[in-house]
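One file, protein13.txt, is given below (compact mmCIF, C-alpha atoms).
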# COMPACT_ATOMS: atom_id res chain seq x y z
CA MET A 1 -9.17 -7.77 -22.64
CA PHE A 2 -9.13 -4.12 -21.62
CA CYS A 3 -11.43 -1.63 -19.99
CA SER A 4 -11.24 2.08 -19.29
CA ALA A 5 -10.69 3.52 -15.84
CA LEU A 6 -10.96 7.12 -14.70
CA PHE A 7 -7.96 8.76 -13.06
CA ALA A 8 -7.76 12.36 -11.86
CA ASN A 9 -5.17 14.11 -13.98
CA PRO A 10 -2.87 16.89 -12.68
CA ARG A 11 -5.46 19.56 -13.57
CA GLY A 12 -8.15 17.89 -11.48
CA ARG A 13 -9.99 16.63 -14.54
CA TYR A 14 -10.49 12.98 -15.35
CA VAL A 15 -8.81 10.98 -18.07
CA LYS A 16 -9.43 7.47 -19.29
CA ILE A 17 -6.63 4.96 -19.03
CA ARG A 18 -6.85 1.48 -20.52
CA LEU A 19 -6.42 -1.20 -17.92
CA ALA A 20 -6.61 -4.96 -18.21
CA LYS A 21 -10.03 -6.17 -17.11
CA SER A 22 -10.47 -8.11 -13.92
CA ARG A 23 -9.89 -11.72 -14.83
CA ARG A 24 -11.13 -15.03 -13.56
CA LEU A 25 -8.57 -16.95 -11.56
CA THR A 26 -8.20 -20.03 -9.45
CA ASP A 27 -6.37 -20.42 -6.19
CA CYS A 28 -3.82 -23.16 -5.57
CA ASN A 29 -6.64 -25.66 -4.98
CA GLY A 30 -8.33 -24.90 -8.28
CA ARG A 31 -11.20 -22.89 -6.78
CA SER A 32 -12.24 -20.08 -9.06
CA GLY A 33 -12.69 -16.47 -8.14
CA LYS A 34 -12.39 -13.03 -9.65
CA ALA A 35 -9.06 -11.21 -9.71
CA THR A 36 -9.00 -7.48 -9.16
CA MET A 37 -6.42 -5.26 -10.79
CA PHE A 38 -4.29 -3.43 -8.23
CA THR A 39 -2.81 -0.59 -10.26
CA GLY A 40 -2.53 3.12 -9.64
CA THR A 41 -2.26 4.66 -6.17
CA TYR A 42 -2.93 2.69 -3.00
CA THR A 43 -2.52 4.41 0.34
CA ALA A 44 -0.81 2.49 3.12
CA ILE A 45 -3.21 4.06 5.56
CA VAL A 46 -2.29 4.78 9.17
CA THR A 47 -4.22 3.31 12.08
CA PRO A 48 -5.40 6.26 14.23
CA PHE A 49 -5.52 5.70 17.98
CA LYS A 50 -7.26 7.67 20.70
CA ASN A 51 -6.83 6.86 24.37
CA GLY A 52 -5.33 3.51 23.45
CA GLN A 53 -8.23 2.43 21.23
CA ILE A 54 -8.87 2.44 17.48
CA ASP A 55 -10.21 5.90 16.60
CA GLU A 56 -13.05 4.91 14.27
CA ALA A 57 -14.15 8.48 13.54
CA ALA A 58 -10.62 9.48 12.52
CA LEU A 59 -10.26 6.39 10.33
CA GLU A 60 -13.48 7.27 8.55
CA ARG A 61 -12.22 10.84 8.00
CA LEU A 62 -8.99 9.54 6.53
CA ILE A 63 -10.72 7.12 4.18
CA ARG A 64 -13.15 9.78 2.99
CA SER A 65 -10.15 12.02 2.29
CA GLN A 66 -8.57 9.23 0.24
CA ILE A 67 -11.75 8.76 -1.78
CA ARG A 68 -11.95 12.50 -2.49
CA GLY A 69 -8.28 12.47 -3.42
CA GLY A 70 -8.83 9.98 -6.23
CA VAL A 71 -6.74 7.04 -5.02
CA GLN A 72 -7.60 3.58 -6.30
CA GLY A 73 -7.45 1.91 -2.92
CA ILE A 74 -6.16 1.70 0.63
CA VAL A 75 -3.96 -0.79 2.45
CA PRO A 76 -5.02 -1.03 6.10
CA VAL A 77 -2.95 -2.64 8.87
CA GLY A 78 0.30 -2.84 6.98
CA THR A 79 3.57 -1.47 8.34
CA THR A 80 2.22 2.08 8.19
CA GLY A 81 -0.91 0.84 9.97
CA GLU A 82 1.22 -0.36 12.92
CA SER A 83 0.21 -3.98 12.43
CA PRO A 84 2.91 -5.28 14.82
CA THR A 85 1.22 -3.66 17.83
CA VAL A 86 -2.47 -4.26 17.20
CA SER A 87 -4.21 -7.32 18.62
CA TYR A 88 -5.88 -9.91 16.38
CA GLU A 89 -9.25 -8.38 17.28
CA GLU A 90 -8.07 -4.87 16.43
CA HIS A 91 -6.45 -6.05 13.21
CA ILE A 92 -9.73 -7.54 12.02
CA GLN A 93 -11.67 -4.53 13.30
CA VAL A 94 -9.58 -2.14 11.20
CA ILE A 95 -10.11 -4.26 8.08
CA ARG A 96 -13.87 -4.43 8.66
CA LEU A 97 -14.06 -0.69 9.25
CA SER A 98 -11.97 0.01 6.16
CA VAL A 99 -14.29 -2.09 4.00
CA LYS A 100 -17.31 -0.36 5.54
CA PHE A 101 -15.98 3.18 5.11
CA ALA A 102 -14.64 2.51 1.59
CA GLY A 103 -18.15 1.38 0.63
CA GLY A 104 -17.02 -0.10 -2.67
CA ARG A 105 -15.80 3.28 -3.93
CA ILE A 106 -12.15 2.29 -3.59
CA LYS A 107 -10.50 -1.09 -3.10
CA VAL A 108 -9.26 -2.48 0.20
CA LEU A 109 -6.04 -4.47 -0.02
CA ALA A 110 -5.78 -5.76 3.52
CA GLY A 111 -2.44 -6.28 5.20
CA THR A 112 -2.69 -9.85 6.53
CA GLY A 113 0.89 -11.09 6.42
CA ALA A 114 2.82 -12.53 9.35
CA ASN A 115 5.97 -14.46 10.15
CA SER A 116 3.74 -17.37 11.20
CA THR A 117 2.01 -19.07 8.30
CA THR A 118 -0.90 -20.08 10.52
CA GLU A 119 -1.39 -16.48 11.69
CA ALA A 120 -1.25 -15.16 8.13
CA ILE A 121 -3.87 -17.69 7.02
CA PHE A 122 -6.14 -16.77 9.92
CA LEU A 123 -5.94 -13.03 9.21
CA THR A 124 -6.40 -13.56 5.47
CA LYS A 125 -9.52 -15.67 6.00
CA GLU A 126 -10.92 -12.97 8.28
CA ALA A 127 -10.17 -10.30 5.66
CA GLU A 128 -12.00 -12.38 3.06
CA LYS A 129 -15.01 -12.67 5.37
CA ALA A 130 -14.91 -8.91 5.93
CA GLY A 131 -15.17 -8.22 2.21
CA ALA A 132 -11.62 -7.08 1.42
CA ASP A 133 -10.67 -6.97 -2.25
CA GLY A 134 -7.28 -8.57 -1.74
CA SER A 135 -4.48 -9.42 0.67
CA LEU A 136 -1.01 -7.92 1.00
CA GLN A 137 1.40 -10.59 2.22
CA VAL A 138 4.71 -9.41 3.63
CA ALA A 139 7.71 -11.73 3.70
CA PRO A 140 8.03 -13.47 7.06
CA TYR A 141 10.22 -11.32 9.29
CA TYR A 142 12.75 -12.25 11.98
CA ASN A 143 12.72 -16.00 11.33
CA LYS A 144 14.43 -15.48 7.92
CA PRO A 145 13.15 -18.51 5.96
CA SER A 146 14.95 -19.90 2.93
CA GLN A 147 13.54 -19.29 -0.55
CA GLU A 148 11.90 -22.72 -0.36
CA GLY A 149 10.39 -21.72 2.98
CA LEU A 150 9.08 -18.50 1.46
CA PHE A 151 7.58 -20.42 -1.45
CA GLN A 152 5.79 -22.89 0.80
CA HIS A 153 4.61 -20.12 3.15
CA PHE A 154 2.96 -18.07 0.41
CA ARG A 155 1.65 -21.12 -1.44
CA GLU A 156 -0.06 -22.38 1.71
CA ILE A 157 -1.74 -19.00 2.25
CA ALA A 158 -2.87 -18.88 -1.38
CA ARG A 159 -4.41 -22.34 -1.02
CA LYS A 160 -6.56 -21.17 1.85
CA THR A 161 -8.18 -18.11 0.25
CA LYS A 162 -9.89 -16.96 -2.92
CA LEU A 163 -8.59 -13.44 -2.42
CA PRO A 164 -6.07 -12.05 -4.89
CA ILE A 165 -2.70 -11.82 -3.15
CA VAL A 166 -0.02 -9.16 -3.57
CA LEU A 167 3.36 -10.20 -2.18
CA TYR A 168 5.44 -7.66 -0.27
CA SER A 169 9.22 -7.77 -0.43
CA ILE A 170 10.96 -5.38 1.97
CA PRO A 171 14.33 -6.89 2.95
CA GLY A 172 15.30 -3.88 5.07
CA ARG A 173 12.58 -4.75 7.58
CA CYS A 174 12.28 -8.50 7.08
CA GLY A 175 15.90 -9.54 6.68
CA VAL A 176 15.02 -11.60 3.62
CA GLU A 177 14.09 -10.82 0.02
CA ILE A 178 11.48 -12.74 -1.96
CA GLY A 179 13.66 -13.97 -4.82
CA VAL A 180 12.64 -13.36 -8.42
CA ASP A 181 12.59 -17.11 -9.11
CA THR A 182 10.42 -17.63 -6.02
CA VAL A 183 7.95 -15.00 -7.23
CA ARG A 184 7.87 -16.66 -10.64
CA ARG A 185 7.22 -20.11 -9.11
CA LEU A 186 4.42 -18.69 -6.98
CA ALA A 187 2.79 -16.86 -9.87
CA ARG A 188 2.93 -20.04 -11.98
CA GLU A 189 1.47 -22.34 -9.32
CA CYS A 190 -0.98 -19.95 -7.66
CA PRO A 191 -3.06 -17.84 -10.06
CA ASN A 192 -4.44 -15.81 -7.16
CA ILE A 193 -0.94 -14.46 -6.48
CA VAL A 194 -1.26 -11.52 -8.84
CA GLY A 195 1.40 -8.98 -7.90
CA ILE A 196 4.17 -7.70 -5.66
CA LYS A 197 4.90 -4.57 -3.68
CA GLU A 198 8.59 -3.98 -4.23
CA ALA A 199 10.38 -2.04 -1.48
CA GLY A 200 13.97 -3.11 -2.00
CA GLY A 201 15.01 0.17 -3.59
CA SER A 202 16.41 -1.40 -6.76
CA CYS A 203 15.46 -0.56 -10.34
CA GLU A 204 17.37 -3.66 -11.41
CA ARG A 205 14.91 -5.77 -9.38
CA ILE A 206 12.00 -4.23 -11.26
CA ASN A 207 13.69 -5.09 -14.56
CA GLN A 208 14.25 -8.66 -13.39
CA LEU A 209 10.70 -9.08 -12.10
CA ARG A 210 9.12 -7.71 -15.27
CA ALA A 211 11.32 -9.88 -17.49
CA ALA A 212 10.56 -13.00 -15.44
CA LEU A 213 6.84 -12.48 -14.93
CA GLY A 214 5.61 -10.80 -18.09
CA PRO A 215 3.29 -7.83 -18.53
CA LYS A 216 0.24 -9.10 -16.61
CA PHE A 217 1.86 -9.55 -13.20
CA GLU A 218 1.32 -6.41 -11.15
CA ILE A 219 4.31 -4.55 -9.71
CA LEU A 220 3.80 -1.68 -7.29
CA SER A 221 6.49 0.58 -5.88
CA GLY A 222 6.87 0.42 -2.12
CA ASP A 223 8.88 3.66 -1.98
CA ASP A 224 7.25 7.01 -2.81
CA SER A 225 10.46 8.58 -4.07
CA LEU A 226 11.07 5.68 -6.49
CA THR A 227 7.56 5.52 -7.95
CA LEU A 228 8.39 7.29 -11.21
CA PRO A 229 11.69 5.45 -11.84
CA PHE A 230 9.95 2.14 -11.13
CA MET A 231 7.00 2.98 -13.39
CA ALA A 232 9.40 3.95 -16.17
CA ILE A 233 10.67 0.35 -16.27
CA GLY A 234 7.45 -1.55 -15.71
CA ALA A 235 5.78 -0.87 -12.35
CA GLN A 236 2.10 0.03 -12.49
CA GLY A 237 1.68 2.25 -9.46
CA VAL A 238 2.55 2.66 -5.80
CA ILE A 239 1.52 1.66 -2.31
CA SER A 240 2.17 5.06 -0.84
CA VAL A 241 2.83 6.54 2.57
CA ALA A 242 2.80 10.12 1.28
CA SER A 243 -0.74 9.80 -0.07
CA ASN A 244 -1.97 9.77 3.54
CA VAL A 245 -1.04 13.46 3.49
CA ALA A 246 -1.42 14.27 -0.22
CA PRO A 247 -3.78 11.74 -1.84
CA ARG A 248 -4.74 13.91 -4.78
CA ALA A 249 -1.22 14.99 -5.68
CA VAL A 250 0.23 11.47 -5.48
CA SER A 251 -2.65 9.94 -7.46
CA GLN A 252 -2.33 12.70 -10.07
CA MET A 253 1.40 12.02 -10.40
CA VAL A 254 0.83 8.30 -10.96
CA ALA A 255 -2.07 8.90 -13.34
CA ALA A 256 -0.10 11.47 -15.33
CA PHE A 257 2.72 9.03 -15.97
CA ALA A 258 0.32 6.18 -16.74
CA SER A 259 -1.45 8.34 -19.33
CA GLY A 260 1.82 9.28 -21.05
CA ASN A 261 2.33 12.73 -19.54
CA ALA A 262 5.82 12.16 -18.18
CA ARG A 263 6.59 15.88 -17.98
CA LYS A 264 3.66 16.59 -15.69
CA ALA A 265 4.42 13.51 -13.61
CA ARG A 266 8.01 14.68 -13.18
CA GLN A 267 6.86 18.14 -12.12
CA LEU A 268 4.59 16.65 -9.49
CA HIS A 269 7.36 14.34 -8.30
CA GLN A 270 9.71 17.27 -7.86
CA LYS A 271 7.07 19.20 -5.94
CA LEU A 272 6.33 16.22 -3.71
CA TYR A 273 9.91 15.07 -3.21
CA PRO A 274 10.52 17.05 0.03
CA LEU A 275 7.43 15.35 1.49
CA PHE A 276 8.60 11.94 0.23
CA ARG A 277 11.95 12.54 1.91
CA ASP A 278 10.81 13.92 5.24
CA LEU A 279 8.04 11.39 5.87
CA PHE A 280 10.97 9.02 6.43
CA ILE A 281 13.05 11.37 8.56
CA GLU A 282 12.47 8.86 11.35
CA THR A 283 10.95 5.38 11.36
CA ASN A 284 7.68 5.05 9.45
CA PRO A 285 4.86 5.59 10.49
CA VAL A 286 5.97 8.11 13.13
CA PRO A 287 6.49 11.08 10.74
CA VAL A 288 3.30 10.51 8.73
CA LYS A 289 1.18 10.27 11.89
CA ALA A 290 2.83 13.46 13.17
CA ALA A 291 2.02 15.15 9.86
CA LEU A 292 -1.62 14.06 9.94
CA ALA A 293 -1.89 15.29 13.51
CA MET A 294 -0.46 18.68 12.48
CA MET A 295 -3.14 18.76 9.79
CA GLY A 296 -5.82 18.13 12.41
CA LEU A 297 -6.90 14.78 10.97
CA ILE A 298 -5.88 12.43 13.79
CA GLU A 299 -4.62 12.41 17.34
CA GLU A 300 -0.86 11.96 17.51
CA GLU A 301 -0.79 8.66 19.33
CA TYR A 302 1.55 5.71 18.89
CA ARG A 303 2.11 2.40 20.60
CA LEU A 304 5.42 1.43 22.11
CA PRO A 305 8.05 0.78 21.00
CA LEU A 306 7.26 3.68 18.64
CA VAL A 307 7.61 7.12 20.22
CA PRO A 308 6.92 10.68 18.99
CA LEU A 309 9.27 12.55 16.67
CA SER A 310 12.27 14.31 18.11
CA ALA A 311 11.98 18.09 18.36
CA GLU A 312 14.49 18.59 15.55
CA SER A 313 12.68 16.23 13.17
CA ARG A 314 9.32 17.74 14.06
CA GLU A 315 10.43 21.24 13.11
CA LYS A 316 11.89 20.02 9.82
CA LEU A 317 8.72 18.10 8.95
CA LYS A 318 6.50 21.02 9.91
CA ALA A 319 8.51 23.35 7.66
CA THR A 320 8.16 20.91 4.76
CA LEU A 321 4.41 20.65 5.28
CA LYS A 322 4.09 24.44 5.37
CA ALA A 323 6.21 24.89 2.25
CA GLY A 324 4.11 22.32 0.41
CA GLY A 325 0.87 24.00 1.45
CA PHE A 326 -0.42 20.99 3.37
CA LEU A 327 -1.02 22.62 6.75
CA LYS A 328 -3.31 25.33 5.48
CA ARG A 329 -5.64 22.76 3.89
CA HIS A 330 -6.73 21.16 7.14
CA ARG A 331 -7.25 22.72 10.53
CA PRO A 332 -8.29 21.11 13.80
CA ALA A 333 -12.00 21.31 14.54
Whole structure given in structure tokens:
Amino acid sequence: MFCSALFANPRGRYVKIRLAKSRRLTDCNGRSGKATMFTGTYTAIVTPFKNGQIDEAALERLIRSQIRGGVQGIVPVGTTGESPTVSYEEHIQVIRLSVKFAGGRIKVLAGTGANSTTEAIFLTKEAEKAGADGSLQVAPYYNKPSQEGLFQHFREIARKTKLPIVLYSIPGRCGVEIGVDTVRRLARECPNIVGIKEAGGSCERINQLRAALGPKFEILSGDDSLTLPFMAIGAQGVISVASNVAPRAVSQMVAAFASGNARKARQLHQKLYPLFRDLFIETNPVPVKAALAMMGLIEEEYRLPLVPLSAESREKLKATLKAGGFLKRHRPA
């Protein structure tokens, strides 16, 4: 079954792209629910702070900017949202606010993963109560479980929620990769595990995942600079850091490729590549929060152990933002 979805194309107009319809699914306990397609551009949105607290007004501004920019959804309280340093209460608050500010206009794929299965289940249940459209589940970090441990961790979470789940494999941060066979086992046993964010930097992995899981399982790039290569071999979009700064351009790039306009997508990629590169000049999310602060959208505030950009990196990032025309679009109030 297919339906049409509207994506902003590179000229700012809208084109129809055929997408698989949302499908009925059951979780690992056989409870039925409705799966939501997570394709296109999803912004791994930052968590703005002000005087040590969640800056609700700034978060609303950012989400409105994402809606205007034509993204399909946002991912609050992931790595870019500084999930390691927010409290349980703040974590849930950000998800609730994101659902409220999105207002059904874009999807909310809530970051609710943890290296404790019990914690991940708790956060996922709270996200479901808050009205999130799905859950992003990162591989458990630091404790480095075996593949069997990963399987049981994700299966237990899937049993406890009706939310669609997107796995998140990022071995550079977690110290462990979610194996292709493990993903296949999970997709077979848990119909509400519907996709994966792949941030291992390997096109070969995308080939392996697509071959093992078939065309319906959703694969999203976890690296902005690899979005087009990944889409060329079977990925269906991106969970993007750069779209915090350039939501329209990133969503246009993804939509252009999805609609068959590879030339336009490549042109947009080449234009955006300096931004893709320099938003990782230091540890994410420090550069992207610095960029948004330069644009007047948020206060530049982090929580330890994250600290502000070095002077050298700041000047390089500022030059990239100026060259790309991003600083002149937003000015502090």
Would you kindly identify which residues have an atom no farther than 12 Å from (-4.7, 11.3, 16.2), using only C-alpha atoms and the file's own coordinates, and write them out as a compact mmCIF listing (two decimals) with C-alpha atoms, in the frame of the given file?
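Output (out.txt):
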# COMPACT_ATOMS: atom_id res chain seq x y z
CA VAL A 46 -2.29 4.78 9.17
CA THR A 47 -4.22 3.31 12.08
CA PRO A 48 -5.40 6.26 14.23
CA PHE A 49 -5.52 5.70 17.98
CA LYS A 50 -7.26 7.67 20.70
CA ASN A 51 -6.83 6.86 24.37
CA GLY A 52 -5.33 3.51 23.45
CA GLN A 53 -8.23 2.43 21.23
CA ILE A 54 -8.87 2.44 17.48
CA ASP A 55 -10.21 5.90 16.60
CA GLU A 56 -13.05 4.91 14.27
CA ALA A 57 -14.15 8.48 13.54
CA ALA A 58 -10.62 9.48 12.52
CA LEU A 59 -10.26 6.39 10.33
CA ARG A 61 -12.22 10.84 8.00
CA LEU A 62 -8.99 9.54 6.53
CA VAL A 286 5.97 8.11 13.13
CA VAL A 288 3.30 10.51 8.73
CA LYS A 289 1.18 10.27 11.89
CA ALA A 290 2.83 13.46 13.17
CA ALA A 291 2.02 15.15 9.86
CA LEU A 292 -1.62 14.06 9.94
CA ALA A 293 -1.89 15.29 13.51
CA MET A 294 -0.46 18.68 12.48
CA MET A 295 -3.14 18.76 9.79
CA GLY A 296 -5.82 18.13 12.41
CA LEU A 297 -6.90 14.78 10.97
CA ILE A 298 -5.88 12.43 13.79
CA GLU A 299 -4.62 12.41 17.34
CA GLU A 300 -0.86 11.96 17.51
CA GLU A 301 -0.79 8.66 19.33
CA TYR A 302 1.55 5.71 18.89
CA PRO A 308 6.92 10.68 18.99
CA PRO A 332 -8.29 21.11 13.80
Problem - Residues near A:Phe38, cut-off 9 Å, all atoms listed in the file, skip fewer than 3 positions along chain, as a ChimeraX atom specification - result: /A:41-42,72-73,107,109,134,166,194-195,218-220,236-237
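Distance check against A:Glu204 using only C-alpha atoms: of A:Glu282, A:Arg96, A:Phe230, A:Gly78, the minimum falls on A:Phe230.
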Practice task
Rounded to one decimal place, report the atom CA of A:Leu272-atom CA of A:Arg248 distance in Å.
Solution key: 11.4 Å
Find the residues near A:Pro229: any atom within 10 Å, counting all atoms listed in the file, skip ones fewer than 4 places away on the same chain, and give them as a compact mmCIF listing (two decimals) with C-alpha atoms, in the frame of the given file.
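The resulting part.txt:
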# COMPACT_ATOMS: atom_id res chain seq x y z
CA SER A 202 16.41 -1.40 -6.76
CA CYS A 203 15.46 -0.56 -10.34
CA ILE A 206 12.00 -4.23 -11.26
CA SER A 221 6.49 0.58 -5.88
CA SER A 225 10.46 8.58 -4.07
CA ILE A 233 10.67 0.35 -16.27
CA GLY A 234 7.45 -1.55 -15.71
CA ALA A 235 5.78 -0.87 -12.35
Fill in the blank from the handout: The distance between atom CA of A:Ala311 and atom CA of A:Tyr273 is 21.9 Å
Handout entry: Residue contacts of A:Ser83 (10 Å, all atoms listed in the file) excluding same-chain residues fewer than 6 positions away, as a ChimeraX atom specification
Key = /A:46-47,76-77,90-91,111-114
Need the shell around A:Gly175: protein/DNA/RNA residues with any atom at most 7 Å away, counting all atoms listed in the file. Skip same-chain ones fewer than 3 positions apart. Format as an mmCIF file with C-alpha atoms, keeping the file's coordinate frame?
data_model
loop_
_atom_site.group_PDB
_atom_site.id
_atom_site.type_symbol
_atom_site.label_atom_id
_atom_site.label_comp_id
_atom_site.auth_asym_id
_atom_site.auth_seq_id
_atom_site.Cartn_x
_atom_site.Cartn_y
_atom_site.Cartn_z
ATOM 1 C CA TYR A 141 10.220 -11.320 9.290
ATOM 2 C CA TYR A 142 12.750 -12.250 11.980
ATOM 3 C CA LYS A 144 14.430 -15.480 7.920
ATOM 4 C CA PRO A 171 14.330 -6.890 2.950
ATOM 5 C CA GLY A 172 15.300 -3.880 5.070
#
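Minimum atom-to-atom distances from A:Val241, A:Ala212, A:Ala246, A:Ala199 to A:Gln66 were compared using only C-alpha atoms, and the lowest value belongs to A:Ala246.
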Exercise for the section: Can you pull out every residue within 12 Å of A:Ser146, counting all atoms listed in the file, but drop anything in the same chain fewer than 6 positions away, and send it as a PyMOL selection string? Expected result: chain A and resi 139-140+152-153+175-179+182
Exercise for the section: Dump as a PyMOL selection string all residues having an atom at most 12 Å from (-2.4, -16.5, 2.6), computed in the file's coordinates with only C-alpha atoms. Expected result: chain A and resi 27-28+110-128+134-140+150-167+186+190+192-193
Problem - Which residue of A:Pro305, A:Thr320, A:Ala256, A:Ser243 approaches A:Arg277 most closely, using all atoms listed in the file - result: A:Thr320
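Counting from atom CA of A:Leu306, the distance to atom CA of A:Asn244 is 18.7 Å.
Closest to A:Pro247 among A:Phe326, A:Phe217, A:Tyr168, A:Phe280 is A:Phe326, based on all atoms listed in the file.
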How would stretch 237-249 of chain A read, as a PDB file, keeping the file's coordinate frame, once N, CA and C atoms are built in?
ATOM      1  N   GLY A 237       2.234   1.370 -10.469  1.00  0.00           N
ATOM      2  CA  GLY A 237       1.680   2.250  -9.460  1.00  0.00           C
ATOM      3  C   GLY A 237       2.486   2.173  -8.179  1.00  0.00           C
ATOM      4  N   VAL A 238       1.840   2.547  -7.074  1.00  0.00           N
ATOM      5  CA  VAL A 238       2.550   2.660  -5.800  1.00  0.00           C
ATOM      6  C   VAL A 238       1.611   2.324  -4.646  1.00  0.00           C
ATOM      7  N   ILE A 239       2.170   1.702  -3.617  1.00  0.00           N
ATOM      8  CA  ILE A 239       1.520   1.660  -2.310  1.00  0.00           C
ATOM      9  C   ILE A 239       2.235   2.714  -1.494  1.00  0.00           C
ATOM     10  N   SER A 240       1.548   3.806  -1.243  1.00  0.00           N
ATOM     11  CA  SER A 240       2.170   5.060  -0.840  1.00  0.00           C
ATOM     12  C   SER A 240       1.935   5.413   0.620  1.00  0.00           C
ATOM     13  N   VAL A 241       2.965   5.927   1.258  1.00  0.00           N
ATOM     14  CA  VAL A 241       2.830   6.540   2.570  1.00  0.00           C
ATOM     15  C   VAL A 241       2.417   8.003   2.424  1.00  0.00           C
ATOM     16  N   ALA A 242       3.034   8.689   1.457  1.00  0.00           N
ATOM     17  CA  ALA A 242       2.800  10.120   1.280  1.00  0.00           C
ATOM     18  C   ALA A 242       1.348  10.446   0.932  1.00  0.00           C
ATOM     19  N   SER A 243       0.640   9.504   0.306  1.00  0.00           N
ATOM     20  CA  SER A 243      -0.740   9.800  -0.070  1.00  0.00           C
ATOM     21  C   SER A 243      -1.676   9.854   1.137  1.00  0.00           C
ATOM     22  N   ASN A 244      -1.215   9.452   2.326  1.00  0.00           N
ATOM     23  CA  ASN A 244      -1.970   9.770   3.540  1.00  0.00           C
ATOM     24  C   ASN A 244      -2.137  11.283   3.661  1.00  0.00           C
ATOM     25  N   VAL A 245      -1.074  12.005   3.355  1.00  0.00           N
ATOM     26  CA  VAL A 245      -1.040  13.460   3.490  1.00  0.00           C
ATOM     27  C   VAL A 245      -1.530  14.142   2.218  1.00  0.00           C
ATOM     28  N   ALA A 246      -1.142  13.617   1.061  1.00  0.00           N
ATOM     29  CA  ALA A 246      -1.420  14.270  -0.220  1.00  0.00           C
ATOM     30  C   ALA A 246      -2.018  13.278  -1.216  1.00  0.00           C
ATOM     31  N   PRO A 247      -3.219  12.763  -0.943  1.00  0.00           N
ATOM     32  CA  PRO A 247      -3.780  11.740  -1.840  1.00  0.00           C
ATOM     33  C   PRO A 247      -3.986  12.226  -3.264  1.00  0.00           C
ATOM     34  N   ARG A 248      -4.464  13.439  -3.427  1.00  0.00           N
ATOM     35  CA  ARG A 248      -4.740  13.910  -4.780  1.00  0.00           C
ATOM     36  C   ARG A 248      -3.446  14.107  -5.568  1.00  0.00           C
ATOM     37  N   ALA A 249      -2.457  14.723  -4.956  1.00  0.00           N
ATOM     38  CA  ALA A 249      -1.220  14.990  -5.680  1.00  0.00           C
ATOM     39  C   ALA A 249      -0.503  13.702  -6.076  1.00  0.00           C
TER      40      ALA A 249
END
